[in-house]
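Novice: Provided below: model-v3.csv, containing CSV, C-alpha atoms and all ligand atoms.
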chain,number,residue,atom,x,y,z
A,26,MET,CA,32.8,6.6,-6.6
A,27,GLY,CA,31.2,4.5,-9.3
A,28,VAL,CA,31.3,0.7,-9.5
A,29,LYS,CA,31.3,-1.0,-12.9
A,30,ILE,CA,28.6,-3.6,-12.8
A,31,THR,CA,28.5,-4.8,-16.4
A,32,GLU,CA,30.0,-3.6,-19.7
A,33,SER,CA,27.3,-0.9,-19.9
A,34,VAL,CA,26.1,-0.4,-16.3
A,35,THR,CA,27.9,1.5,-13.6
A,36,TRP,CA,26.6,1.9,-10.0
A,37,VAL,CA,26.7,5.6,-9.2
A,38,GLY,CA,24.9,5.6,-5.8
A,39,ILE,CA,25.7,6.7,-2.3
A,40,ARG,CA,26.2,4.5,0.8
A,41,ASP,CA,24.7,6.1,3.9
A,42,TRP,CA,26.7,4.4,6.7
A,43,GLU,CA,25.4,6.8,9.4
A,44,LEU,CA,21.6,6.5,8.8
A,45,ARG,CA,19.9,5.2,11.8
A,46,THR,CA,16.2,6.1,11.1
A,47,PHE,CA,14.3,6.5,7.8
A,48,HIS,CA,10.9,8.0,7.0
A,49,GLY,CA,11.6,10.4,9.8
A,50,GLU,CA,11.7,8.2,12.9
A,51,GLU,CA,9.3,5.6,11.6
A,52,TYR,CA,11.9,3.0,10.4
A,53,SER,CA,15.1,2.0,12.2
A,54,THR,CA,18.1,1.4,10.0
A,55,HIS,CA,20.6,-0.4,12.3
A,56,ARG,CA,22.9,-1.1,9.3
A,57,GLY,CA,22.5,2.2,7.5
A,58,SER,CA,21.3,2.2,3.9
A,59,SER,CA,22.3,3.0,0.3
A,60,TYR,CA,20.6,5.0,-2.4
A,61,ASN,CA,21.5,3.0,-5.5
A,62,CYS,CA,21.4,4.6,-9.0
A,63,TYR,CA,22.8,3.5,-12.2
A,64,LEU,CA,24.4,4.9,-15.4
A,65,VAL,CA,23.6,2.9,-18.5
A,66,ARG,CA,25.8,3.6,-21.5
A,67,ASP,CA,25.1,2.5,-25.0
A,68,GLU,CA,24.8,4.8,-28.1
A,69,LYS,CA,22.7,6.8,-25.7
A,70,THR,CA,23.2,7.2,-22.0
A,71,ALA,CA,20.5,6.9,-19.3
A,72,LEU,CA,20.7,7.6,-15.6
A,73,ILE,CA,18.3,5.5,-13.6
A,74,ASP,CA,17.3,7.2,-10.3
A,75,THR,CA,19.2,9.6,-8.1
A,76,VAL,CA,19.8,9.8,-4.3
A,77,TRP,CA,18.4,11.5,-1.2
A,78,SER,CA,18.8,15.3,-1.1
A,79,PRO,CA,21.4,15.5,1.7
A,80,PHE,CA,23.8,13.8,-0.7
A,81,ASP,CA,22.8,15.7,-3.8
A,82,LYS,CA,26.1,17.7,-4.2
A,83,GLU,CA,28.3,14.6,-3.5
A,84,PHE,CA,26.2,12.6,-6.0
A,85,VAL,CA,26.5,15.2,-8.8
A,86,ALA,CA,30.2,15.7,-8.1
A,87,ASN,CA,30.8,11.9,-8.3
A,88,LEU,CA,28.7,11.7,-11.4
A,89,LYS,CA,30.8,14.3,-13.1
A,90,LYS,CA,33.9,12.1,-12.5
A,91,GLU,CA,32.1,9.3,-14.4
A,92,ILE,CA,30.6,11.3,-17.3
A,93,ASP,CA,30.2,14.8,-18.7
A,94,LEU,CA,26.7,15.5,-17.5
A,95,ASN,CA,25.8,16.8,-20.9
A,96,GLU,CA,26.3,13.3,-22.3
A,97,ILE,CA,23.3,12.0,-20.2
A,98,ASP,CA,20.5,11.7,-22.7
A,99,TYR,CA,17.7,10.4,-20.5
A,100,ILE,CA,16.9,10.3,-16.8
A,101,ILE,CA,14.7,7.5,-15.6
A,102,ILE,CA,12.9,8.0,-12.3
A,103,ASN,CA,11.4,4.7,-11.2
A,104,HIS,CA,9.8,6.3,-8.0
A,105,GLY,CA,9.5,9.9,-6.9
A,106,GLU,CA,10.1,9.5,-3.2
A,107,VAL,CA,12.8,11.9,-2.0
A,108,ASP,CA,15.4,9.2,-1.2
A,109,HIS,CA,15.5,8.5,-5.0
A,110,SER,CA,14.6,11.9,-6.5
A,111,GLY,CA,16.2,14.2,-4.0
A,112,ALA,CA,19.3,15.0,-6.1
A,113,LEU,CA,17.2,16.0,-9.2
A,114,LEU,CA,17.2,19.7,-8.3
A,115,GLN,CA,21.0,19.8,-8.2
A,116,LEU,CA,21.3,17.7,-11.3
A,117,MET,CA,18.7,19.5,-13.3
A,118,ASN,CA,20.4,22.8,-12.6
A,119,ALA,CA,23.2,21.5,-14.7
A,120,ILE,CA,21.2,19.8,-17.4
A,121,PRO,CA,17.7,21.4,-17.3
A,122,GLU,CA,16.5,20.2,-20.7
A,123,THR,CA,17.2,16.5,-20.1
A,124,PRO,CA,14.1,14.4,-20.5
A,125,ILE,CA,12.8,12.6,-17.4
A,126,TYR,CA,11.0,9.3,-18.1
A,127,CYS,CA,8.6,8.2,-15.3
A,128,THR,CA,5.0,7.1,-14.7
A,129,LYS,CA,2.1,9.6,-14.7
A,130,ASN,CA,1.9,9.4,-10.9
A,131,ALA,CA,5.7,10.0,-10.6
A,132,ALA,CA,5.4,13.1,-12.7
A,133,THR,CA,2.7,14.3,-10.4
A,134,SER,CA,4.8,13.5,-7.3
A,135,LEU,CA,7.9,15.2,-8.7
A,136,LYS,CA,6.0,18.3,-9.6
A,137,GLY,CA,4.4,18.4,-6.2
A,138,GLN,CA,7.8,18.0,-4.4
A,139,TYR,CA,10.1,20.2,-6.6
A,140,HIS,CA,7.6,22.6,-8.3
A,141,LYS,CA,9.6,22.5,-11.6
A,142,ASP,CA,8.3,22.1,-15.1
A,143,TRP,CA,10.9,19.7,-16.3
A,144,ASN,CA,10.7,17.8,-19.6
A,145,PHE,CA,8.5,14.9,-18.3
A,146,ASN,CA,7.9,11.9,-20.5
A,147,VAL,CA,5.2,9.7,-19.1
A,148,VAL,CA,5.6,6.0,-19.7
A,149,LYS,CA,3.4,2.9,-19.2
A,150,THR,CA,4.0,-0.8,-19.0
A,151,GLY,CA,5.5,-2.1,-22.2
A,152,ASP,CA,6.8,1.3,-23.4
A,153,LYS,CA,10.4,1.1,-24.6
A,154,LEU,CA,13.3,3.5,-24.9
A,155,SER,CA,16.1,2.6,-27.3
A,156,LEU,CA,19.6,3.3,-26.1
A,157,GLY,CA,21.1,2.0,-29.4
A,158,LYS,CA,21.8,-1.8,-29.2
A,159,LYS,CA,20.0,-2.1,-26.0
A,160,GLU,CA,16.5,-1.0,-24.9
A,161,LEU,CA,14.9,0.0,-21.6
A,162,ILE,CA,11.4,-1.5,-21.1
A,163,PHE,CA,9.2,0.1,-18.5
A,164,ILE,CA,6.9,-1.9,-16.2
A,165,GLU,CA,4.5,0.0,-13.9
A,166,ALA,CA,4.6,-1.3,-10.4
A,167,ARG,CA,1.8,0.6,-8.8
A,168,MET,CA,1.8,0.4,-4.9
A,169,LEU,CA,5.1,-1.4,-4.8
A,170,HIS,CA,5.2,0.7,-2.7
A,171,TRP,CA,3.8,4.0,-4.0
A,172,PRO,CA,1.2,4.6,-6.7
A,173,ASP,CA,4.1,6.0,-8.8
A,174,SER,CA,6.5,3.1,-8.6
A,175,MET,CA,7.8,1.3,-11.7
A,176,PHE,CA,10.5,-1.1,-12.7
A,177,THR,CA,12.9,-0.7,-15.7
A,178,TYR,CA,14.3,-3.6,-17.6
A,179,LEU,CA,17.5,-3.4,-19.7
A,180,THR,CA,17.6,-5.8,-22.6
A,181,GLY,CA,21.0,-7.3,-23.6
A,182,GLU,CA,22.2,-7.2,-20.0
A,183,ASN,CA,19.0,-8.7,-18.7
A,184,ILE,CA,18.8,-6.4,-15.7
A,185,LEU,CA,15.7,-5.5,-13.8
A,186,PHE,CA,16.0,-2.1,-12.0
A,187,SER,CA,13.4,-2.7,-9.4
A,188,ASN,CA,13.8,0.4,-7.2
A,189,ASP,CA,12.5,-0.2,-3.7
A,190,ALA,CA,11.2,-3.8,-4.4
A,191,PHE,CA,13.6,-6.5,-3.3
A,192,GLY,CA,15.7,-3.9,-1.5
A,193,GLN,CA,17.0,-3.7,2.1
A,194,HIS,CA,18.2,-0.8,4.2
A,195,TYR,CA,21.7,-2.1,4.4
A,196,ALA,CA,24.9,-0.2,3.8
A,197,THR,CA,27.5,-2.7,2.7
A,198,GLU,CA,30.8,-2.4,0.9
A,199,GLU,CA,30.1,-5.8,-0.7
A,200,ILE,CA,27.7,-4.6,-3.4
A,201,TYR,CA,26.6,-8.1,-4.6
A,202,ASN,CA,24.3,-10.4,-2.7
A,203,ASP,CA,26.7,-13.4,-2.8
A,204,LEU,CA,29.5,-11.3,-1.1
A,205,ALA,CA,27.3,-9.8,1.6
A,206,ASP,CA,26.8,-11.1,5.1
A,207,GLN,CA,23.9,-13.5,4.5
A,208,CYS,CA,22.4,-13.2,8.0
A,209,ALA,CA,22.4,-9.4,7.8
A,210,LEU,CA,21.1,-9.4,4.3
A,211,TYR,CA,18.1,-11.6,4.9
A,212,GLN,CA,17.3,-9.9,8.3
A,213,GLU,CA,17.2,-6.6,6.5
A,214,ALA,CA,15.3,-7.9,3.5
A,215,ILE,CA,12.5,-9.5,5.7
A,216,LYS,CA,12.4,-6.4,7.9
A,217,TYR,CA,12.0,-4.2,4.8
A,218,TYR,CA,9.2,-6.5,3.5
A,219,ALA,CA,7.4,-6.7,6.8
A,220,ASN,CA,7.5,-3.0,7.6
A,221,ILE,CA,7.0,-1.5,4.1
A,222,LEU,CA,5.4,-4.0,1.7
A,223,THR,CA,3.1,-6.1,3.9
A,224,PRO,CA,0.0,-4.1,3.2
A,225,PHE,CA,0.6,-4.5,-0.6
A,226,SER,CA,1.1,-8.3,-0.5
A,227,ALA,CA,-1.7,-9.1,-3.0
A,228,LEU,CA,-0.2,-6.6,-5.4
A,229,VAL,CA,3.3,-8.0,-4.9
A,230,THR,CA,2.1,-11.4,-6.0
A,231,GLU,CA,0.2,-10.1,-8.9
A,232,LYS,CA,3.1,-7.9,-10.1
A,233,ILE,CA,5.7,-10.7,-9.8
A,234,LYS,CA,3.4,-13.1,-11.7
A,235,GLU,CA,3.0,-10.4,-14.4
A,236,VAL,CA,6.7,-9.8,-14.7
A,237,LEU,CA,7.4,-13.6,-14.8
A,238,SER,CA,4.8,-13.9,-17.6
A,239,PHE,CA,6.9,-11.7,-19.8
A,240,ASN,CA,9.6,-14.5,-19.8
A,241,LEU,CA,12.4,-12.0,-19.7
A,242,PRO,CA,15.8,-13.5,-19.0
A,243,LEU,CA,17.1,-12.2,-15.7
A,244,ASN,CA,20.8,-11.9,-14.9
A,245,MET,CA,20.5,-9.4,-12.1
A,246,ILE,CA,18.1,-7.4,-10.0
A,247,CYS,CA,19.5,-3.9,-9.3
A,248,THR,CA,17.5,-2.5,-6.4
A,249,SER,CA,17.6,1.1,-5.1
A,250,HIS,CA,18.6,0.1,-1.5
A,251,GLY,CA,21.2,-2.5,-0.4
A,252,VAL,CA,22.7,-5.2,-2.5
A,253,ILE,CA,22.5,-6.1,-6.2
A,254,TRP,CA,21.1,-9.6,-6.6
A,255,ARG,CA,23.4,-11.2,-9.1
A,256,ASP,CA,23.8,-14.7,-7.7
A,257,ASN,CA,20.5,-16.5,-8.4
A,258,PRO,CA,18.4,-13.4,-8.4
A,259,ALA,CA,15.3,-15.6,-8.5
A,260,GLN,CA,15.9,-16.3,-4.8
A,261,ILE,CA,14.6,-13.0,-3.6
A,262,ILE,CA,11.6,-13.3,-6.0
A,263,GLU,CA,10.8,-16.6,-4.4
A,264,LYS,CA,11.1,-15.1,-1.0
A,265,TYR,CA,8.8,-12.3,-2.0
A,266,LEU,CA,6.2,-14.7,-3.3
A,267,SER,CA,6.4,-16.6,0.0
A,268,TRP,CA,6.3,-13.5,2.2
A,269,ALA,CA,3.4,-12.1,0.2
A,270,ASP,CA,1.4,-15.4,0.7
A,271,ASN,CA,0.2,-14.7,4.3
A,272,TYR,CA,3.6,-15.7,5.6
A,273,GLN,CA,4.1,-17.2,9.0
A,274,GLU,CA,6.4,-19.4,10.9
A,275,ASN,CA,5.8,-21.6,13.9
A,276,GLN,CA,6.2,-18.7,16.2
A,277,ILE,CA,4.2,-16.9,18.9
A,278,THR,CA,5.3,-13.4,19.9
A,279,ILE,CA,4.5,-11.8,23.2
A,280,ILE,CA,4.6,-8.0,23.2
A,281,TYR,CA,3.9,-6.1,26.4
A,282,ASP,CA,4.8,-3.0,28.5
A,283,THR,CA,4.6,-2.9,32.2
A,284,MET,CA,4.5,-0.2,35.0
A,285,TRP,CA,5.4,-2.2,38.1
A,286,ASP,CA,6.5,-5.6,36.5
A,287,ASN,CA,3.0,-7.2,37.1
A,288,THR,CA,2.2,-7.4,33.4
A,289,LYS,CA,5.8,-8.6,32.8
A,290,LYS,CA,5.2,-11.4,35.4
A,291,MET,CA,2.1,-12.3,33.5
A,292,ALA,CA,4.0,-12.3,30.2
A,293,GLU,CA,6.6,-14.7,31.5
A,294,ALA,CA,4.0,-17.0,33.1
A,295,ILE,CA,2.1,-17.1,29.8
A,296,LYS,CA,5.4,-18.0,28.0
A,297,LYS,CA,5.9,-20.8,30.5
A,298,GLY,CA,2.5,-22.1,29.8
A,299,ILE,CA,3.0,-22.0,26.0
A,300,ARG,CA,6.3,-23.9,26.3
A,301,ALA,CA,4.7,-26.6,28.6
A,302,ALA,CA,2.0,-27.2,26.0
A,303,ASP,CA,4.2,-27.0,22.9
A,304,SER,CA,7.9,-27.9,23.1
A,305,GLU,CA,8.6,-26.8,19.5
A,306,VAL,CA,6.9,-23.5,18.9
A,307,VAL,CA,9.3,-20.5,18.8
A,308,ILE,CA,8.3,-18.0,21.5
A,309,LYS,CA,9.7,-14.5,21.6
A,310,LEU,CA,9.0,-11.9,24.2
A,311,PHE,CA,9.5,-8.2,23.9
A,312,ASN,CA,8.9,-5.2,26.1
A,313,ALA,CA,7.5,-2.7,23.6
A,314,GLY,CA,8.9,0.2,25.7
A,315,LYS,CA,12.4,-1.1,25.4
A,316,THR,CA,12.6,-2.7,22.0
A,317,ASP,CA,12.9,-1.3,18.5
A,318,LYS,CA,9.4,-1.1,17.0
A,319,ASN,CA,10.4,-2.2,13.5
A,320,ASP,CA,12.2,-5.2,14.9
A,321,ILE,CA,9.0,-6.1,16.8
A,322,ILE,CA,7.0,-5.7,13.6
A,323,THR,CA,9.4,-8.1,11.8
A,324,GLU,CA,8.7,-10.7,14.5
A,325,VAL,CA,4.9,-10.1,14.2
A,326,PHE,CA,5.3,-10.7,10.5
A,327,LYS,CA,6.9,-14.1,11.2
A,328,SER,CA,4.3,-15.1,13.9
A,329,LYS,CA,1.2,-17.3,13.7
A,330,ALA,CA,-0.1,-15.5,16.8
A,331,ILE,CA,0.7,-12.5,18.9
A,332,LEU,CA,-0.1,-11.8,22.6
A,333,VAL,CA,-0.3,-8.2,23.5
A,334,GLY,CA,-0.2,-7.0,27.1
A,335,SER,CA,-0.4,-3.7,28.9
A,336,SER,CA,-1.0,-2.4,32.4
A,337,THR,CA,-4.1,-0.2,32.6
A,338,ILE,CA,-3.2,3.5,32.9
A,339,ASN,CA,-5.7,6.5,32.8
A,340,ASN,CA,-8.4,4.1,31.7
A,341,GLY,CA,-6.3,3.2,28.7
A,342,ILE,CA,-3.1,1.4,27.6
A,343,LEU,CA,0.5,2.2,27.8
A,344,SER,CA,1.8,4.5,25.0
A,345,SER,CA,4.4,2.1,23.7
A,346,VAL,CA,1.8,-0.7,23.3
A,347,ALA,CA,-0.6,1.8,21.7
A,348,GLY,CA,2.2,2.8,19.2
A,349,ILE,CA,3.0,-0.7,18.1
A,350,LEU,CA,-0.7,-1.5,17.8
A,351,GLU,CA,-1.1,1.5,15.5
A,352,MET,CA,1.7,0.2,13.3
A,353,ILE,CA,0.2,-3.3,13.3
A,354,LYS,CA,-3.1,-1.9,12.2
A,355,GLY,CA,-1.6,0.0,9.3
A,356,LEU,CA,0.3,-3.0,8.0
A,357,ALA,CA,-2.9,-5.1,7.7
A,358,PHE,CA,-1.5,-8.5,8.6
A,359,LYS,CA,-3.6,-11.4,7.6
A,360,ASN,CA,-4.2,-14.9,8.8
A,361,LYS,CA,-2.9,-14.4,12.3
A,362,LYS,CA,-4.4,-15.0,15.8
A,363,ALA,CA,-4.1,-12.9,18.9
A,364,ALA,CA,-5.1,-12.4,22.5
A,365,ALA,CA,-4.6,-9.6,25.1
A,366,PHE,CA,-3.5,-9.6,28.7
A,367,GLY,CA,-2.6,-7.2,31.4
A,368,SER,CA,-2.6,-6.4,35.1
A,369,TYR,CA,-4.5,-3.6,36.7
A,370,GLY,CA,-5.3,-2.0,40.1
A,371,TRP,CA,-8.5,-0.1,39.5
A,372,GLY,CA,-10.2,0.2,36.2
A,373,GLY,CA,-8.7,-2.7,34.2
A,374,GLN,CA,-9.8,-1.5,30.8
A,375,ALA,CA,-6.5,-2.4,29.0
A,376,VAL,CA,-7.4,-6.0,28.0
A,377,LYS,CA,-10.7,-5.0,26.3
A,378,ILE,CA,-9.1,-2.0,24.5
A,379,ILE,CA,-6.2,-4.2,23.2
A,380,SER,CA,-8.7,-6.9,22.2
A,381,ASN,CA,-10.8,-4.4,20.2
A,382,LEU,CA,-7.7,-3.0,18.5
A,383,LEU,CA,-6.4,-6.4,17.5
A,384,LYS,CA,-9.8,-7.3,16.1
A,385,GLU,CA,-10.0,-4.1,14.2
A,386,SER,CA,-6.6,-4.9,12.8
A,387,GLY,CA,-7.8,-8.1,11.3
A,388,PHE,CA,-6.5,-10.6,13.9
A,389,GLU,CA,-8.7,-13.6,15.0
A,390,LEU,CA,-9.1,-13.3,18.7
A,391,ILE,CA,-8.3,-16.6,20.4
A,392,ASN,CA,-10.3,-15.6,23.6
A,393,GLU,CA,-11.3,-12.6,25.6
A,394,GLY,CA,-7.9,-12.1,27.1
A,395,LYS,CA,-6.5,-12.5,30.6
A,396,LYS,CA,-6.8,-9.8,33.3
A,397,VAL,CA,-5.1,-10.0,36.7
A,398,MET,CA,-5.9,-7.5,39.5
A,399,TRP,CA,-2.9,-6.2,41.4
A,400,THR,CA,0.3,-8.3,41.7
A,401,PRO,CA,-0.3,-11.8,40.4
A,402,ASP,CA,0.0,-14.3,43.2
A,403,GLU,CA,0.8,-18.0,42.8
A,404,ASN,CA,-2.8,-18.8,41.7
A,405,ALA,CA,-2.9,-16.0,39.2
A,406,LEU,CA,0.4,-17.0,37.7
A,407,LYS,CA,-0.9,-20.6,37.4
A,408,GLU,CA,-3.9,-19.1,35.5
A,409,CYS,CA,-1.6,-17.2,33.2
A,410,GLU,CA,0.2,-20.5,32.5
A,411,GLU,CA,-3.1,-22.1,31.7
A,412,PHE,CA,-3.9,-19.1,29.5
A,413,GLY,CA,-0.6,-19.7,27.6
A,414,ALA,CA,-1.4,-23.4,27.2
A,415,GLN,CA,-4.8,-22.5,25.8
A,416,ILE,CA,-3.0,-20.2,23.2
A,417,ALA,CA,-0.6,-23.0,22.2
A,418,LYS,CA,-3.5,-25.4,21.7
A,419,ALA,CA,-5.4,-22.9,19.5
A,420,PHE,CA,-3.6,-24.3,16.4
B,501,LIG,FE1,13.3,4.1,-1.2
B,501,LIG,FE2,9.9,4.5,-1.5
B,501,LIG,O1,11.7,5.0,-1.4
Show me, as C-alpha cells, the structure contained in the file I just sent.
Specialist:
Amino acid sequence: MGVKITESVTWVGIRDWELRTFHGEEYSTHRGSSYNCYLVRDEKTALIDTVWSPFDKEFVANLKKEIDLNEIDYIIINHGEVDHSGALLQLMNAIPETPIYCTKNAATSLKGQYHKDWNFNVVKTGDKLSLGKKELIFIEARMLHWPDSMFTYLTGENILFSNDAFGQHYATEEIYNDLADQCALYQEAIKYYANILTPFSALVTEKIKEVLSFNLPLNMICTSHGVIWRDNPAQIIEKYLSWADNYQENQITIIYDTMWDNTKKMAEAIKKGIRAADSEVVIKLFNAGKTDKNDIITEVFKSKAILVGSSTINNGILSSVAGILEMIKGLAFKNKKAAAFGSYGWGGQAVKIISNLLKESGFELINEGKKVMWTPDENALKECEEFGAQIAKAF
C-alpha cells in the first residue's frame, strides 16, 4: 500500500523481501530490495517510475487503490531497466494514451524491451513539466548507470527523484534513512556503489557537481531502491563524492582459492607477515570459492591493495578466482596495488596468469608474486611472511 511522503508525494512501490539475487545471479541481495515509485499530485498527476515485472499486477492493483488510473496525466520513466519499467505493459493496457516522459535513450530501451509504440515524450536536461503549482525538472544522468538514466526534480517539495543513484538493495519497513538500521543501510549503499557505479565514478563526480551548480534546494532524495534520504540528504551525496574519488581505506584484502590447503597456508602466512610489518592496516582474507562475490568486491573497493592467490590447475587458475578477477576487471578500479601468489605441484602458471590479469585490470603490481612448489614447509612459510611484509611496506 502507498505511503504518504509529503503533501503531494505518495510512495507506491513494492518491497521485495525475498529477493536474494539481482541482475540474474550477478548481484547478491542479502537484505532483499525495493522498487520505489512515486505518485505526485498537483493540478496534474504524475507517476514516477514503476516496478519489476513479477510485481506488475500487484503494483497496478495497489495503484488503483490510490488513484483512478485515468487521473494519471503523465508517466515519468527515469530509467528503462526492467526493475523500474517492468509494470509498464500492465499499466499501459489500462491507460494506453498516457504520455511517457523519458530520455531519448530510455525511449529506445523501452521500445526495444516492450515493442510498443507508446506516446513517448523525449526530454533533456533543463526541460520542465508543469503539474500546476509545482514543476518537474528533468536532469539527464547518462551512465548513472545506463545511457538512458535521468533524475527528476520536484519544485515546491524540493525532492530529487534519483532512480538508481544513491540507492541500496535493501528491503526495509522503515522507509526513511534516519529510521533504518544505519549499519545495514551503509553496508548496502557502499556495496551498491562498489558493484554497480565504480566504473562510472568520473561521471558520478561530474553529474553531482552539475546538479549542485543548479543550487536547487534539497529536502529529500527519493531513490528507486531502498530508503528515502530525508534526514540530511547531503550525507549520501558527500559519500558518493568520496567513493567516486578513487576511494580507499587503510585495508589490504587477500583473496584466494585452494585445492589442498597449500595456497590457503600461503595466504595465512602472508597475512601474518603483513601484520608483523604494520600493526594498523586492516587485513581481510576471503576464500573466493566460499564467499559471496559481491561482498568480496565491496572489500576490494575499500582496499589500497589486494593479493590474489590460486593453486595452478590445468595450466590455469581456479574458476572462483577467475570469476572474481573478471568482475574486478569490469569494474575498472583505480589507484590500487596488487600482487599474486599460489602453490603448485607441476606447471605453476597461476601466479603469472593472475599477475597479468591484475595488470590488465589497472592495478599496479607490487612485485612478480610468490610461488611455492608443493606443500609450503617452514622455510616457504617464512618466505610468505616476508612477502607479506614487503606488501605492507609498499605504501
Ligand atoms: Fe534499478 Fe538500473 O535498475
Novice: Can you work out which residues are within 10 Å of ligand LIG 501 (chain B), considering all atoms listed in the file, and then hand them over as a ChimeraX atom specification?
Specialist: /A:47-48,58-61,76-77,103-110,168-171,173-174,188-190,192-194,221,248-250
Novice: A:Thr316: which residues within 12 Å, counting only C-alpha atoms, same-chain residues fewer than 5 positions away excluded, as a PyMOL selection string?
Specialist: chain A and resi 53+280-282+310-311+321-324+345-346+349
Novice: Output C-alpha atoms for every residue in the selection just made, as a PDB file, in the coordinates of the input.
Specialist:
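Just written: result_7.pdb:
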ATOM      1  CA  SER A  53      15.100   2.000  12.200  1.00  0.00           C
ATOM      2  CA  ILE A 280       4.600  -8.000  23.200  1.00  0.00           C
ATOM      3  CA  TYR A 281       3.900  -6.100  26.400  1.00  0.00           C
ATOM      4  CA  ASP A 282       4.800  -3.000  28.500  1.00  0.00           C
ATOM      5  CA  LEU A 310       9.000 -11.900  24.200  1.00  0.00           C
ATOM      6  CA  PHE A 311       9.500  -8.200  23.900  1.00  0.00           C
ATOM      7  CA  ILE A 321       9.000  -6.100  16.800  1.00  0.00           C
ATOM      8  CA  ILE A 322       7.000  -5.700  13.600  1.00  0.00           C
ATOM      9  CA  THR A 323       9.400  -8.100  11.800  1.00  0.00           C
ATOM     10  CA  GLU A 324       8.700 -10.700  14.500  1.00  0.00           C
ATOM     11  CA  SER A 345       4.400   2.100  23.700  1.00  0.00           C
ATOM     12  CA  VAL A 346       1.800  -0.700  23.300  1.00  0.00           C
ATOM     13  CA  ILE A 349       3.000  -0.700  18.100  1.00  0.00           C
TER      14      ILE A 349
END
Novice: Between atom CA of A:Thr337 and atom CA of A:Gly373, what distance in Å does the model show, to one decimal?
Specialist: 5.5 Å
Novice: With only C-alpha atoms as the counted atoms, please give the residues lying no more than 8 Å from A:Lys418, apart from itself and same-chain residues fewer than 3 positions off, as a list of chain:residue names.
Specialist: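 Surrounding residues, per the criterion: A:Ala302, A:Asp303, A:Ala414, A:Gln415.
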Novice: So what do you get for atom CA of A:Tyr201 versus atom CA of A:Trp254, distance-wise?
Specialist: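 Separation between atom CA of A:Tyr201 and atom CA of A:Trp254: 6.0 Å.
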Novice: At a cut-off of 10 Å around the point (-9.8, -16.2, 20.9) (file coordinates), what residues fall inside when counting all atoms listed in the file? I'd like the answer as a PyMOL selection string.
Specialist: chain A and resi 362-365+380+388-394+415-416+419
Novice: In terms of the shortest atom-to-atom distance over all atoms listed in the file, which of A:Leu241, A:Val85, A:Val307, A:Leu210 is closest to A:Ile253?
Specialist: A:Leu210
Novice: Just give me the gap between atom CA of A:Lys90 and atom CA of A:Val37 in Å, one decimal is fine.
Specialist: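 Pair atom CA of A:Lys90 / atom CA of A:Val37 returns 10.2 Å.
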Novice: Counting only C-alpha atoms, which of A:Lys354, A:Arg255, A:Lys149, A:Arg40 gets nearest to A:Arg56?
Specialist: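 Between A:Lys354, A:Arg255, A:Lys149, A:Arg40, the residue approaching A:Arg56 most closely is A:Arg40.
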Novice: In terms of the shortest atom-to-atom distance over all atoms listed in the file, which of A:Gly111, A:Gly137, A:Gly181, A:Gly387 is closest to A:Ala357?
Specialist: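 Between A:Gly111, A:Gly137, A:Gly181, A:Gly387, the residue approaching A:Ala357 most closely is A:Gly387.
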Novice: So, with all atoms listed in the file as the atoms that count, which of A:Lys377, A:Ala196, A:Asn287, A:Ala132 lies closest to A:Gly251?
Specialist: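 Ranked by minimum distance to A:Gly251, first place goes to A:Ala196.
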Novice: Which residues come within 10 Å of A:Lys395, counting only C-alpha atoms, excluding same-chain residues fewer than 5 positions away, as a VMD selection string?
Specialist: chain A and resid 291 295 334 364 to 368 376 to 377 405 408 to 409 412 to 413
Novice: Any idea what's packed within 10 Å of A:Tyr99, counting all atoms listed in the file, ignoring anything in its chain fewer than 4 positions away? Could you give it as a list in words?
Specialist: Val65, Lys69, Thr70, Ala71, Leu72, Ile73, Glu122, Thr123, Pro124, Ile125, Tyr126, Asn146, Leu154 and Leu156 of chain A
Novice: Give me, as a PyMOL selection string, all polymer residues having an atom no more than 9 Å from A:Trp371, counting only C-alpha atoms and skipping those fewer than 5 positions away in the same chain.
Specialist: chain A and resi 337+340+398-399
Novice: Determine the nearest neighbour of A:Asp203 from the options A:Asp320, A:Asp256, A:Asp402, A:Glu274, counting all atoms listed in the file.
Specialist: A:Asp256
Novice: I'd like to know which of A:Ala209, A:Val397, A:Leu228, A:Val333 is closest to A:Lys290, using only C-alpha atoms.
Specialist: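 Closest residue, counting only C-alpha atoms: A:Val397.
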